[in-house]
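Take a look at the structure set out below.
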There are 2 protein chains.
Amino acid sequence: MATTEILTAERILEVTEEVLRRHGPAKATVVDVARALGVSHGSVYRHFRTKAALREAVTKRWLDRTSAVLDDIVAQDRDPEARLRDWLAALFTAKRRKAGDDPELFATYMVLTGESGEAVGEHIDALTGQLTAIVRSGVDSGAFAAADPAVTARALFQATDRFHDPCHAREWEQPGIEGEFEAVVDLVVRGLRA
Amino acid sequence: MATTEILTAERILEVTEEVLRRHGPAKATVVDVARALGVSHGSVYRHFRTKAALREAVTKRWLDRTSAVLDDIVAQDRDPEARLRDWLAALFTAKRRKAGDDPELFATYMVLTGESGEAVGEHIDALTGQLTAIVRSGVDSGAFAAADPAVTARALFQATDRFHDPCHAREWEQPGIEGEFEAVVDLVVRGLRA
DNA sequence: CAGCTGACAGATATTGAAATCTGTCAGCTG
DNA sequence: CAGCTGACAGATTTCAATATCTGTCAGCTG
C-alpha cells in the first residue's frame, strides 16, 4: 500500500499470485499486475523478462511450499515404510487440496505443465529426490530391496501418477478414490519390500 | 460406391471412421459423413440419435479392436507372470501405436474421455476384467498373492496409467520411456508375487 | 543516474455478424 | 409403407474488424 515502498521481485510475486488467484491464468495480464502494484507495466518487465517467466516464478514459489512440507516427512526418524506411505499420502492430499482450494493457481500450474516449463521439471526432480532418500534409507536398514534407489524412486512416483499428476485432477473428487489410492500404495510398497 | 447398397449402421461407422481419420474430430461433421456416403444427413440420424452417439460408436469399434488383441494374451496357457508382463507391454504398444498412427482418431478418443462417454468406461472395465482374469489365475496357481483379484487388477491398471492413459500420450515418444515402463512393471509385479 | 513511465509496434484476444452445423419432421419415392 | 430427403429453427463455428496485451525503449523524475 505504501507508495514509497520499493518494488521488489518478491513483492511482484506476492501480488501476481493474488491476481492469478482472482482472475485465473487466462485473464490475468501483466497490466493487471502492474495496476494492483500501483506501477506501470514497464516496471514489472524490469524484474521479469517475460510474462511466462513471471508465471513460472509464481508457480515455482507455490510448488516449493509443497516440497517443503514433504521434506519434513523425509527428515523424520521413523521406519522407511511408514515414511514412504506418509509421504505419498501427503503428496496426494497436498495436490488435491491445491486443486480444490486454489483452482485458478492450479490451472496456471497446468498451463505451465503443458508448456513443459522448467519449474515443473525441477519440482518433479525435487520430489523424486525426496523419494530416493526414503528408498535409500530403507535399503540401508534392510527393509527395502532396490538395485538403484533413484530408478525405483522414479518408478514409485510414476506408479502413483494418478494421485498427483494434474492431468488426473478431475478424478480426485470421485468417490472410492481413497480406496484406489490405498490399493496402489499397498501394491508398490509390497513390491519394494526386501 | 454402389448406389443400390443398403445404408447400414456398420457402413456408416466405416465411413465415419475414415472421415474422422481425414478431418479430425474438430472438423468432421455429420454432413461430411453423409456426403461421403452419398446420402442426406437425415439418413445418418435415422441410425444414430446424435453426433455424439455416432462418435462414441466409432470409438467403441476402434477400442474393441485393441481389447480383442489383448484378450488373446489372457487366453494363453502360460505362467501368469509372463502373461501379465506381455499384456501390459501389449497395451502400452497398442496405445502408443494408435496415438502415433491414427492421431485424429486418437484425438476423437481423447474428446470422448473428456466427455466421460460410456464407451471409454466400458473399455476400461473390459481391460480391468482381463487383468482380473490373469491375476486370478496367478492366485490359483499360487504365483500371486491378492486378497481381492478385482481390486488388485484395478491397482495394477492404475499404477501403469502413465503408459496407457491418453492424457500421457505426449510422453510416450520421449527417450527413456521404455526403461521407465520396465521399472514400473518390475515394481508392481514384485508387489504381486506370493 | 537508477528507477520508473508511457507511447509504440507487433502479437494476441475479443466481439458480433454471417455462415455452417445439428437435430427434427412433414412429405416424397420406389 | 419403410426408408430417404431436404427445408427449417436453434445452436455453434468462422471470420474479420476492433480492442487489448506484450515487450521495448527513449526520455522523464527525484
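Just remember, in the C-alpha cells the first chain shown is A, the second B, etc., residues are 1-based per chain, and ligands are 1-based in the order shown.
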Item to check | For DT14 in chain C: contacts at 10 Å, only C-alpha atoms (C1' of nucleotides), fewer than 4 positions along chain excluded, given as a list in words | outcome: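 Here the qualifying residues turn out to be DT18, DA19 and DT20 of chain D.
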Next on the checklist: I need the chain D residues near chain B as a PyMOL selection string; criterion: at most 8 Å, counting only C-alpha atoms (C1' of nucleotides).
Outcome noted: chain D and resi 4-6
Filtering to N, CA, C and O atoms (P, O5', C5', C4', C3', O3' and C1' of nucleotides), could you give me those residues as a PDB file, in the first residue's frame?
ATOM      1  P    DC D   4     -32.500 -45.658 -45.816  1.00  0.00           P
ATOM      2  O5'  DC D   4     -32.771 -44.288 -46.566  1.00  0.00           O
ATOM      3  C5'  DC D   4     -32.967 -44.318 -47.975  1.00  0.00           C
ATOM      4  C4'  DC D   4     -33.501 -42.979 -48.422  1.00  0.00           C
ATOM      5  C3'  DC D   4     -32.603 -41.792 -48.072  1.00  0.00           C
ATOM      6  O3'  DC D   4     -32.148 -41.188 -49.280  1.00  0.00           O
ATOM      7  C1'  DC D   4     -34.902 -41.355 -47.546  1.00  0.00           C
ATOM      8  P    DT D   5     -31.212 -39.865 -49.212  1.00  0.00           P
ATOM      9  O5'  DT D   5     -32.260 -38.688 -49.306  1.00  0.00           O
ATOM     10  C5'  DT D   5     -33.120 -38.601 -50.435  1.00  0.00           C
ATOM     11  C4'  DT D   5     -34.002 -37.377 -50.301  1.00  0.00           C
ATOM     12  C3'  DT D   5     -33.246 -36.067 -50.116  1.00  0.00           C
ATOM     13  O3'  DT D   5     -33.659 -35.184 -51.145  1.00  0.00           O
ATOM     14  C1'  DT D   5     -34.963 -36.290 -48.477  1.00  0.00           C
ATOM     15  P    DG D   6     -32.629 -34.049 -51.694  1.00  0.00           P
ATOM     16  O5'  DG D   6     -33.184 -32.742 -50.953  1.00  0.00           O
ATOM     17  C5'  DG D   6     -34.556 -32.405 -51.093  1.00  0.00           C
ATOM     18  C4'  DG D   6     -34.975 -31.460 -49.964  1.00  0.00           C
ATOM     19  C3'  DG D   6     -33.971 -30.327 -49.679  1.00  0.00           C
ATOM     20  O3'  DG D   6     -34.727 -29.192 -49.277  1.00  0.00           O
ATOM     21  C1'  DG D   6     -34.332 -31.515 -47.733  1.00  0.00           C
TER      22       DG D   6
END
Checklist entry - Within 8 Å of chain A, which residues of chain B show up when using only C-alpha atoms, listed as a PyMOL selection string? => result chain B and resi 151-152+154-156+158-162+167+180+183-184+187-192
Item to check | For DG10 in chain C: contacts at 12 Å, only C-alpha atoms (C1' of nucleotides), fewer than 6 positions along chain excluded, given as a list in words | outcome: DC21, DT22, DG23 and DT24 of chain D
Checklist entry - Which is closest to chain B among C:DA11, C:DA26, C:DC1, C:DC21, if we use only C-alpha atoms (C1' of nucleotides)? => result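 Comparing C:DA11, C:DA26, C:DC1, C:DC21 against chain B, the winner is C:DC21.
Shortest separation to chain A among C:DG16, C:DG3, C:DG30, C:DG23 occurs at residue C:DG3, atoms counted being only C-alpha atoms (C1' of nucleotides).
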Item to check | 8 Å contacts from chain C to chain A using only C-alpha atoms (C1' of nucleotides), as an NGL selection string | outcome: :C and (4-6)
Could you write those residues out with C-alpha atoms (C1' of nucleotides), as a PDB file, in the first residue's frame?
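New file again.pdb:
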ATOM      1  C1'  DC C   4      10.219   4.428 -13.432  1.00  0.00           C
ATOM      2  C1'  DT C   5       6.947   5.945 -17.094  1.00  0.00           C
ATOM      3  C1'  DG C   6       4.063   5.763 -21.033  1.00  0.00           C
TER       4       DG C   6
END
